[in-house]
>>> print(open('input_25.cif').read())   # mmCIF, C-alpha atoms
data_target
loop_
_atom_site.label_atom_id
_atom_site.label_comp_id
_atom_site.auth_asym_id
_atom_site.auth_seq_id
_atom_site.Cartn_x
_atom_site.Cartn_y
_atom_site.Cartn_z
CA MET A 868 -43.34 6.48 -4.13
CA GLY A 869 -44.15 9.45 -6.35
CA ILE A 870 -41.65 11.40 -8.35
CA ALA A 871 -41.77 14.18 -5.74
CA THR A 872 -40.57 11.78 -3.04
CA LEU A 873 -37.84 10.50 -5.30
CA ALA A 874 -36.58 13.99 -5.91
CA ALA A 875 -36.49 14.64 -2.20
CA VAL A 876 -34.03 11.84 -1.49
CA SER A 877 -31.10 13.64 0.07
CA GLY A 878 -28.11 12.95 2.22
CA ASN A 879 -24.93 11.35 1.01
CA VAL A 880 -25.89 9.92 -2.37
CA ASP A 881 -22.21 9.24 -3.12
CA ILE A 882 -22.53 6.14 -0.99
CA LEU A 883 -24.91 4.58 -3.53
CA GLY A 884 -22.41 5.27 -6.29
CA TYR A 885 -19.64 3.71 -4.26
CA GLY A 886 -21.77 0.66 -3.59
CA LEU A 887 -22.32 0.20 -7.32
CA ALA A 888 -18.66 0.78 -8.09
CA ALA A 889 -17.56 -1.76 -5.49
CA LEU A 890 -19.66 -4.53 -7.08
CA GLY A 891 -17.34 -5.28 -9.98
CA PRO A 892 -14.10 -5.36 -7.98
CA ALA A 893 -15.84 -7.46 -5.33
CA ILE A 894 -16.78 -10.11 -7.89
CA ALA A 895 -13.30 -9.97 -9.39
CA MET A 896 -11.60 -10.38 -6.01
CA GLY A 897 -13.87 -13.28 -5.13
CA LEU A 898 -13.07 -15.04 -8.40
CA MET A 899 -9.38 -14.43 -7.98
CA THR A 900 -9.24 -15.71 -4.43
CA ALA A 901 -11.37 -18.73 -5.32
CA LYS A 902 -9.12 -19.62 -8.23
CA ALA A 903 -6.00 -19.15 -6.15
CA LEU A 904 -7.41 -21.40 -3.44
CA GLU A 905 -8.39 -23.99 -6.01
CA SER A 906 -4.93 -23.98 -7.56
CA THR A 907 -3.31 -24.17 -4.13
CA ALA A 908 -5.40 -27.23 -3.35
CA ARG A 909 -4.35 -28.83 -6.62
CA GLN A 910 -0.68 -27.95 -6.27
CA PRO A 911 0.24 -27.06 -2.70
CA GLU A 912 3.93 -26.84 -3.57
CA VAL A 913 3.50 -23.57 -5.50
CA ALA A 914 1.34 -21.99 -2.80
CA GLY A 915 3.83 -19.17 -2.15
CA GLN A 916 3.99 -18.12 -5.78
CA LEU A 917 0.24 -18.33 -6.16
CA ARG A 918 -0.28 -16.15 -3.10
CA THR A 919 2.04 -13.49 -4.49
CA LEU A 920 0.33 -13.55 -7.87
CA MET A 921 -3.09 -13.38 -6.21
CA LEU A 922 -2.08 -10.37 -4.14
CA LEU A 923 -0.72 -8.69 -7.26
CA GLY A 924 -3.97 -9.25 -9.09
CA ILE A 925 -5.99 -8.10 -6.12
CA ALA A 926 -3.89 -4.95 -5.96
CA PHE A 927 -4.80 -4.13 -9.54
CA VAL A 928 -8.49 -4.80 -8.97
CA GLU A 929 -8.54 -2.96 -5.68
CA VAL A 930 -7.61 0.30 -7.38
CA LEU A 931 -10.97 0.35 -9.16
CA ALA A 932 -12.90 0.34 -5.90
CA LEU A 933 -10.50 2.81 -4.30
CA LEU A 934 -10.86 5.19 -7.24
CA ALA A 935 -14.57 5.32 -6.60
CA PHE A 936 -13.89 5.85 -2.92
CA VAL A 937 -11.62 8.82 -3.63
CA LEU A 938 -14.03 10.27 -6.19
CA CYS A 939 -16.68 10.39 -3.44
CA PHE A 940 -14.68 13.19 -1.88
CA VAL A 941 -14.14 15.12 -5.10
CA LYS A 942 -16.93 17.62 -5.39
CA MET B 80 -10.01 5.13 24.26
CA VAL B 81 -6.74 7.01 24.18
CA SER B 82 -6.76 7.17 20.44
CA PHE B 83 -10.27 8.49 20.56
CA VAL B 84 -9.39 11.46 22.76
CA GLY B 85 -6.93 12.56 20.13
CA LEU B 86 -9.58 12.31 17.47
CA THR B 87 -12.12 14.49 19.19
CA THR B 88 -9.64 17.16 20.16
CA ALA B 89 -8.45 17.16 16.58
CA SER B 90 -11.87 17.86 15.14
CA GLY B 91 -13.07 20.29 17.76
CA LEU B 92 -14.54 20.01 21.22
CA MET B 93 -17.46 22.31 20.58
CA HIS B 94 -19.58 19.47 19.22
CA LEU B 95 -19.48 17.78 22.60
CA ALA B 96 -21.82 20.26 24.23
CA SER B 97 -24.79 19.86 21.92
CA ALA B 98 -24.27 16.49 20.32
CA LYS B 99 -27.24 15.27 18.35
CA GLN B 100 -25.17 12.81 16.40
CA PRO B 101 -21.72 11.25 16.77
CA ASP B 102 -18.74 13.43 16.00
CA TYR B 103 -17.75 11.52 12.90
CA PRO B 104 -14.33 12.08 11.41
CA THR B 105 -14.41 14.26 8.32
CA ILE B 106 -12.09 14.99 5.48
CA GLU B 107 -10.89 17.99 7.52
CA ASP B 108 -8.84 15.55 9.63
CA PHE B 109 -6.52 15.18 6.67
CA LEU B 110 -6.10 18.92 6.18
CA PRO B 111 -4.99 20.10 9.61
CA LYS B 112 -3.96 23.65 10.35
CA PRO B 113 -0.23 24.40 10.41
CA ALA B 114 1.15 23.70 13.86
CA LEU B 115 4.69 25.03 13.59
CA PHE B 116 6.23 27.87 11.59
CA ALA B 117 2.79 28.99 10.40
CA GLY B 118 2.93 31.63 7.71
CA THR B 119 6.39 30.70 6.47
CA PRO B 120 7.00 28.40 3.51
CA PHE B 121 8.15 25.79 6.05
CA ALA B 122 4.77 25.55 7.76
CA ILE B 123 4.44 22.14 9.34
CA ASN B 124 1.10 20.61 10.15
CA ARG B 125 0.29 17.62 12.28
CA ILE B 126 0.68 15.02 9.56
CA ILE B 127 4.02 16.36 8.38
CA LEU B 128 5.18 16.37 11.99
CA ILE B 129 4.18 12.69 12.30
CA ARG B 130 6.07 11.98 9.10
CA ILE B 131 9.23 13.67 10.40
CA ILE B 132 9.06 11.94 13.78
CA LEU B 133 8.51 8.53 12.20
CA THR B 134 11.42 9.08 9.81
CA VAL B 135 13.67 9.89 12.76
CA VAL B 136 12.37 6.82 14.58
CA ILE B 137 13.14 4.56 11.62
CA LEU B 138 16.62 6.00 11.21
CA VAL B 139 17.49 5.82 14.90
CA VAL B 140 16.07 2.34 15.50
CA LEU B 141 17.59 0.76 12.39
CA GLY B 142 20.85 2.66 12.86
CA LEU B 143 21.20 1.55 16.47
CA THR B 144 20.33 -2.02 15.53
CA ALA B 145 22.90 -2.00 12.76
CA SER B 146 25.65 -0.49 14.91
CA HIS B 147 25.05 -3.02 17.70
CA ALA B 148 24.76 -5.97 15.32
CA LYS B 149 26.40 -9.13 16.61
CA LEU B 150 27.12 -12.50 15.07
CA ILE B 151 24.73 -14.13 17.53
CA PRO B 152 21.70 -11.87 17.17
CA SER B 153 19.78 -10.56 20.14
CA ARG B 154 16.02 -10.95 20.06
CA TRP B 155 15.42 -7.50 18.56
CA GLN B 156 18.17 -7.90 16.02
CA SER B 157 16.69 -11.15 14.80
CA VAL B 158 13.30 -9.45 14.37
CA VAL B 159 14.89 -6.75 12.20
CA GLU B 160 16.91 -9.34 10.32
CA TYR B 161 13.78 -11.34 9.66
CA GLY B 162 12.17 -8.23 8.12
CA LEU B 163 15.19 -7.44 5.98
CA ASP B 164 15.48 -11.06 4.93
CA PHE B 165 11.80 -11.20 4.02
CA VAL B 166 12.09 -8.19 1.73
CA ARG B 167 15.26 -9.47 0.11
CA GLU B 168 14.25 -13.08 -0.42
CA SER B 169 10.53 -13.06 -1.01
CA ILE B 170 10.10 -9.69 -2.67
CA VAL B 171 13.26 -8.77 -4.56
CA TYR B 172 14.86 -12.13 -5.36
CA ASP B 173 11.57 -13.87 -6.08
CA VAL B 174 10.34 -11.20 -8.46
CA ILE B 175 13.44 -9.74 -10.10
CA GLY B 176 15.81 -12.68 -9.74
CA LYS B 177 18.88 -13.14 -7.63
CA GLU B 178 21.58 -11.79 -9.93
CA ARG B 179 19.71 -8.80 -11.33
CA GLY B 180 17.91 -8.08 -8.08
CA LYS B 181 20.96 -7.40 -5.91
CA ARG B 182 21.17 -3.84 -7.12
CA TYR B 183 17.57 -3.07 -6.04
CA VAL B 184 17.57 -4.67 -2.59
CA SER B 185 18.37 -1.42 -0.79
CA THR B 186 15.80 0.64 -2.70
CA ILE B 187 12.96 -1.78 -2.15
CA THR B 188 13.91 -2.38 1.47
CA THR B 189 13.74 1.37 2.04
CA ILE B 190 10.38 1.62 0.31
CA PHE B 191 8.97 -1.30 2.29
CA PHE B 192 10.12 -0.19 5.71
CA SER B 193 9.29 3.50 5.28
CA ILE B 194 5.80 2.77 4.03
CA PHE B 195 5.20 0.16 6.72
CA ILE B 196 6.21 2.46 9.58
CA PHE B 197 4.42 5.45 8.03
CA ASN B 198 1.27 3.35 7.78
CA LEU B 199 1.58 2.23 11.38
CA GLY B 200 1.12 5.87 12.38
CA ALA B 201 -2.59 5.16 11.98
CA VAL B 202 -2.64 3.02 15.13
CA ILE B 203 0.00 4.77 17.25
CA PRO B 204 -1.78 6.60 20.09
CA PHE B 205 -1.71 10.42 19.87
CA ALA B 206 -0.60 10.23 16.26
CA ASN B 207 -3.77 8.45 15.07
CA MET B 208 -2.96 9.26 11.49
CA ALA B 209 -1.05 7.32 8.90
CA ALA B 210 1.76 9.49 7.59
CA THR B 211 0.82 8.20 4.13
CA ALA B 212 -2.80 9.34 4.46
CA THR B 213 -2.31 12.53 2.48
CA ILE B 214 -1.53 12.33 -1.18
CA CYS B 215 2.02 13.70 -1.14
CA ALA B 216 3.84 10.91 0.72
CA PRO B 217 2.51 8.09 -1.50
CA LEU B 218 3.20 10.31 -4.53
CA VAL B 219 6.86 10.66 -3.58
CA PHE B 220 7.20 6.90 -3.18
CA ALA B 221 5.42 6.33 -6.49
CA LEU B 222 7.67 8.80 -8.32
CA TRP B 223 10.68 7.06 -6.85
CA SER B 224 9.33 3.77 -8.17
CA VAL B 225 8.84 5.36 -11.61
CA TYR B 226 12.40 6.65 -11.58
CA ASN B 227 13.62 3.18 -10.68
CA TYR B 228 11.88 1.28 -13.43
CA TRP B 229 12.72 3.85 -16.07
CA ALA B 230 16.34 3.85 -14.98
CA ALA B 231 16.38 0.04 -14.95
CA GLY B 232 14.91 -0.12 -18.45
CA ILE B 233 17.21 2.53 -19.86
CA ARG B 234 20.23 0.90 -18.26
CA ALA B 235 19.30 -2.49 -19.69
CA HIS B 236 18.20 -1.54 -23.22
CA GLY B 237 18.97 2.16 -23.74
CA LEU B 238 16.18 4.72 -24.04
CA GLY B 239 15.12 3.68 -27.55
CA GLY B 240 15.28 -0.01 -26.76
CA PHE B 241 13.33 0.41 -23.56
CA LEU B 242 10.56 2.38 -25.27
CA ARG B 243 10.44 -0.07 -28.16
CA GLU B 244 10.11 -2.99 -25.76
CA GLU B 245 7.41 -1.31 -23.69
CA LEU B 246 5.40 0.37 -26.47
CA PHE B 247 5.71 -2.25 -29.21
CA PRO B 248 5.73 -5.68 -27.56
CA ALA B 249 6.70 -8.39 -30.01
CA GLY B 250 4.30 -10.86 -31.57
CA ILE B 251 1.35 -8.57 -32.26
CA PRO B 252 0.04 -7.68 -35.75
CA TRP B 253 1.16 -4.15 -36.60
CA PRO B 254 -2.26 -2.37 -36.88
CA ILE B 255 -2.82 -3.07 -33.19
CA TYR B 256 0.22 -0.95 -32.37
CA ILE B 257 -1.71 2.20 -33.33
CA LEU B 258 -3.91 1.54 -30.31
CA LEU B 259 -1.45 -0.25 -28.11
CA ALA B 260 1.51 2.12 -28.23
CA PRO B 261 -0.31 5.17 -26.78
CA ILE B 262 -1.99 3.01 -24.15
CA ASN B 263 1.33 1.56 -23.08
CA LEU B 264 2.94 4.98 -23.04
CA ILE B 265 0.22 6.33 -20.75
CA GLU B 266 0.55 3.21 -18.64
CA ILE B 267 4.26 3.56 -17.96
CA THR B 268 4.19 7.33 -17.46
CA LEU B 269 0.90 8.04 -15.70
CA ILE B 270 -1.23 5.04 -14.79
CA ARG B 271 1.40 3.12 -12.84
CA PRO B 272 2.40 5.97 -10.49
CA PHE B 273 -1.20 7.11 -10.21
CA SER B 274 -2.47 3.68 -9.24
CA LEU B 275 0.39 3.17 -6.76
CA THR B 276 -0.42 6.52 -5.17
CA VAL B 277 -4.17 6.09 -5.03
CA ARG B 278 -3.94 2.54 -3.71
CA LEU B 279 -1.83 3.47 -0.73
CA PHE B 280 -3.45 6.83 -0.06
CA ALA B 281 -7.05 5.65 -0.26
CA ASN B 282 -6.36 2.60 1.87
CA MET B 283 -4.95 4.72 4.66
CA LEU B 284 -7.69 7.34 4.31
CA SER B 285 -10.48 4.78 4.50
CA GLY B 286 -8.80 3.01 7.41
CA HIS B 287 -8.62 6.19 9.43
CA LEU B 288 -12.22 7.07 8.64
CA LEU B 289 -13.46 3.62 9.65
CA VAL B 290 -11.58 3.50 12.95
CA GLY B 291 -12.63 7.06 13.71
CA MET B 292 -16.26 6.36 12.86
CA CYS B 293 -16.45 3.30 15.13
CA LEU B 294 -14.86 5.09 18.07
CA ALA B 295 -16.83 8.30 17.58
CA ALA B 296 -20.03 6.27 17.67
CA THR B 297 -18.80 4.55 20.84
CA GLN B 298 -18.23 7.90 22.52
CA PHE B 299 -21.66 9.03 21.41
CA PHE B 300 -23.53 5.95 22.66
CA PHE B 301 -21.72 5.77 26.00
CA ILE B 302 -21.19 9.37 27.03
CA GLU B 303 -22.93 11.95 24.91
CA THR B 304 -26.48 10.61 24.83
CA ASN B 305 -28.67 11.14 27.88
CA THR B 306 -30.50 7.85 27.53
CA LYS B 307 -28.52 4.74 28.30
CA ILE B 308 -30.70 2.51 26.12
CA PHE B 309 -28.15 2.65 23.35
CA ALA B 310 -25.23 1.36 25.42
CA PRO B 311 -25.35 -2.11 23.76
CA PHE B 312 -24.75 -0.43 20.41
CA GLY B 313 -21.77 1.25 22.06
CA VAL B 314 -20.35 -2.14 23.00
CA LEU B 315 -20.80 -3.24 19.42
CA THR B 316 -19.07 -0.18 17.97
CA LEU B 317 -16.25 -0.41 20.52
CA ALA B 318 -15.63 -4.01 19.44
CA GLY B 319 -15.79 -2.77 15.85
CA GLY B 320 -13.21 -0.10 16.62
CA MET B 321 -10.84 -2.65 18.13
CA PHE B 322 -11.32 -4.96 15.17
CA MET B 323 -10.69 -2.11 12.71
CA THR B 324 -7.54 -1.14 14.61
CA CYS B 325 -6.18 -4.67 14.25
CA PHE B 326 -7.26 -4.64 10.61
CA GLU B 327 -5.36 -1.36 10.16
CA ILE B 328 -2.16 -3.03 11.34
CA PHE B 329 -2.73 -5.83 8.84
CA VAL B 330 -3.45 -3.35 6.05
CA ALA B 331 -0.33 -1.37 6.93
CA GLY B 332 1.81 -4.44 6.31
CA LEU B 333 -0.17 -5.55 3.28
CA GLN B 334 0.01 -2.19 1.53
CA ALA B 335 3.75 -1.89 2.17
CA TYR B 336 4.16 -5.41 0.75
CA ILE B 337 2.02 -4.68 -2.30
CA PHE B 338 3.73 -1.36 -3.00
CA SER B 339 7.18 -2.91 -2.87
CA ILE B 340 6.26 -6.03 -4.81
CA LEU B 341 4.66 -3.91 -7.55
CA THR B 342 7.76 -1.73 -7.71
CA ALA B 343 9.87 -4.87 -7.97
CA SER B 344 7.72 -6.32 -10.73
CA TYR B 345 7.74 -3.03 -12.69
CA ILE B 346 11.54 -3.04 -12.48
CA SER B 347 11.55 -6.68 -13.55
CA MET B 348 9.29 -5.85 -16.52
CA SER B 349 11.60 -3.02 -17.57
CA LEU B 350 14.59 -5.31 -17.41
CA GLY B 351 12.89 -7.68 -19.83
CA GLU B 352 13.22 -11.44 -20.03
CA GLU B 353 15.41 -13.05 -17.45
CA GLU B 354 18.58 -14.48 -18.95
CA GLU B 355 20.51 -15.34 -15.82
CA GLU B 356 18.45 -18.46 -15.13
CA GLU B 357 19.58 -20.14 -18.32
CA ASP B 358 23.15 -18.97 -17.76
CA LYS B 359 23.03 -20.53 -14.33
CA LYS B 360 21.68 -23.79 -15.71
CA VAL B 361 24.38 -23.82 -18.34
CA SER B 362 27.09 -23.09 -15.80
CA GLN B 363 25.68 -25.72 -13.43
CA ALA B 364 25.58 -28.23 -16.22
CA ALA B 365 29.07 -27.20 -17.27
CA GLN B 366 30.53 -27.53 -13.80
CA PRO B 367 30.47 -31.33 -13.42
CA ALA B 368 31.78 -31.63 -16.93
CA ALA B 369 34.65 -29.31 -16.08
CA GLN B 370 35.34 -31.26 -12.91
CA LEU B 371 35.29 -34.49 -14.81
CA ALA B 372 37.69 -33.02 -17.30
CA ALA B 373 39.95 -31.86 -14.51
CA VAL B 374 39.88 -35.30 -12.84
CA SER B 375 40.54 -37.19 -16.04
CA ALA B 376 43.35 -34.85 -16.92
#
>>> encode(input="input_25.cif", output="C-alpha cells")
Amino acid sequence: MGIATLAAVSGNVDILGYGLAALGPAIAMGLMTAKALESTARQPEVAGQLRTLMLLGIAFVEVLALLAFVLCFVK
Amino acid sequence: MVSFVGLTTASGLMHLASAKQPDYPTIEDFLPKPALFAGTPFAINRIILIRIILTVVILVVLGLTASHAKLIPSRWQSVVEYGLDFVRESIVYDVIGKERGKRYVSTITTIFFSIFIFNLGAVIPFANMAATATICAPLVFALWSVYNYWAAGIRAHGLGGFLREELFPAGIPWPIYILLAPINLIEITLIRPFSLTVRLFANMLSGHLLVGMCLAATQFFFIETNTKIFAPFGVLTLAGGMFMTCFEIFVAGLQAYIFSILTASYISMSLGEEEEEEDKKVSQAAQPAAQLAAVSA
C-alpha cells in the first residue's frame, strides 16, 4: 500500500481512535472483574460489598472509554 | 417494530424512497426541532416533552401508591417498597452508614428513581429516547449531587475544615501538597460532576444509537432492498436489536444505581471518618454492663 493509498483512507476515522481509547479501560475492567470474582470465590460472605466496590471501580474506568466516545462527536 | 417506526419518522421519511444504505440514527436525533411553543423562550422539543411526561408519571404513580398504602401491601405496593428499601438499605445505609445516612435517604431515593425512569424512556415505544440522553438532565442531577456533598462537608466540618480535609489529606509529606491540593480542588469542583454527567449521558446516547442502528439495518435488509438475499442478515440484526433493547433496560438500572451510589459515597467522603460505629459498639458494650448494674442494685 503506497502513501497515496494511505492518504486516501476516508470515512469515519474516529472509530479507530475510539477503538484505541477503549483498549485501556477494557483491560482495566477485565482485571477488576477478575479480581472481584477471585475474591468472591475466596470469601463468599463479603460478595455484596465486593460487588459494590467493583461496580464503583468500573464506573470510574468506564468514564475513560465514554469520554472518547463523546469526543468522537466533537468536531 | 413499533419503536422502529418512531425512529424513521423522527429522522425523516425521504430517505425511504431512494435508500442505498440503512437509515442509521444520527446525532440529529438528540437535537430535535421544537414541537410546542416554538419561537418563545419556553420552546419544548420532543426530549423535553418526554422528560415532562415521565416526571408526571413518576409523581402520579408514586403518589397514588403512597396514598393507597396499606399495612398488608398489595402486589404493586410491595414492588415499590422493594425499590425504596433497596435504595435505603443497600445504597444509603451501606455506604454512608445508618445514623448519618438517614438525612440523605430522600435525596438519593429521588435521584435513583428519577434517573431510572428517565433512562427507561429509551425503551418505551413512541418515546424511544432516554430523557437523560441530552446533556442537561444529567448535568442537573450532577449539580444536585455536588450541592449535596459540599453541603454535607460544610455542615460536618465548616467550610475551612471541609476544604482542609479534602485538599490536604493527612499523612502526606508537605511538598506533595503543592501538587495534590490543586488536583483535589479540581476534583471536587469539576471532575466529579463532569464524570457523573458524561457517564450517564454517554451511556444513554450510545444505547440509543446501538438500538437504532440494529433496527434501521433490519428495516433496510427486510424492506428497503430489492434483493431478498440479505434477509438472513436482517434476522441477525433484528435479534441484535432485541438484545440491545434488553441490554438498555439493564443499563438503565445500572446507571441509576451507579449514579446514586457515587453520590452517596461522595457525601460519605465529605462527612469524613465514620464515628457512629464505634459509638454503637461502646453503647452496645455498655448496655449489658448497665443492665447488670441495674440488676445488682
>>> interface_residues(input="input_25.cif", of="chain A", to="chain B", cutoff="12 Å", atoms="all atoms listed in the file", output="list in words")
Gly915, Gln916, Arg918, Thr919, Leu920, Met921, Leu922, Leu923, Gly924, Ile925, Ala926, Phe927, Val928, Glu929, Val930, Leu931, Ala932, Leu933, Leu934, Ala935, Phe936, Val937, Leu938, Cys939, Phe940 and Val941 of chain A
>>> residues_near_point(input="input_25.cif", point="(-24.1, 8.8, -1.3)", cutoff="12 Å", atoms="only C-alpha atoms", output="number ranges by chain")
A: 876-888, 935-936, 938-940
>>> resolve_selection(input="input_25.cif", expression="the PyMOL selection byres ((chain A and resi 901-904) around 9)", output="list in words")
Met896, Gly897, Leu898, Met899, Thr900, Glu905, Ser906, Thr907, Ala908, Arg909, Ala914, Leu917, Arg918, Leu920 and Met921 of chain A
>>> closest_residue(input="input_25.cif", among="B:Val184, B:Ile328, B:Leu238, B:Ala216", to="Ala343 in chain B", atoms="all atoms listed in the file")
B:Val184
>>> resolve_selection(input="input_25.cif", expression="the PyMOL selection byres ((chain B and resi 243) around 12)", output="PyMOL selection string")
chain B and resi 232-233+236-242+244-249+256+259-260+263-264+349+351
>>> write_last_selection(input="input_25.cif", atoms="C-alpha atoms", output="short mmCIF file (atom, residue, chain, number, x, y, z; two decimals), keeping the file's coordinate frame")
data_model
loop_
_atom_site.label_atom_id
_atom_site.label_comp_id
_atom_site.auth_asym_id
_atom_site.auth_seq_id
_atom_site.Cartn_x
_atom_site.Cartn_y
_atom_site.Cartn_z
CA GLY B 232 14.91 -0.12 -18.45
CA ILE B 233 17.21 2.53 -19.86
CA HIS B 236 18.20 -1.54 -23.22
CA GLY B 237 18.97 2.16 -23.74
CA LEU B 238 16.18 4.72 -24.04
CA GLY B 239 15.12 3.68 -27.55
CA GLY B 240 15.28 -0.01 -26.76
CA PHE B 241 13.33 0.41 -23.56
CA LEU B 242 10.56 2.38 -25.27
CA GLU B 244 10.11 -2.99 -25.76
CA GLU B 245 7.41 -1.31 -23.69
CA LEU B 246 5.40 0.37 -26.47
CA PHE B 247 5.71 -2.25 -29.21
CA PRO B 248 5.73 -5.68 -27.56
CA ALA B 249 6.70 -8.39 -30.01
CA TYR B 256 0.22 -0.95 -32.37
CA LEU B 259 -1.45 -0.25 -28.11
CA ALA B 260 1.51 2.12 -28.23
CA ASN B 263 1.33 1.56 -23.08
CA LEU B 264 2.94 4.98 -23.04
CA SER B 349 11.60 -3.02 -17.57
CA GLY B 351 12.89 -7.68 -19.83
#
>>> atom_distance(input="input_25.cif", atom1="CA of Met348 in chain B", atom2="CA of Gly176 in chain B")
11.6 Å
>>> atom_distance(input="input_25.cif", atom1="CA of Ala318 in chain B", atom2="CA of Val290 in chain B")
10.7 Å
>>> residues_near_point(input="input_25.cif", point="(-6.2, 2.1, 12.3)", cutoff="7 Å", atoms="all atoms listed in the file", output="ChimeraX atom specification")
/B:201-202,286-287,290,323-324,327-328
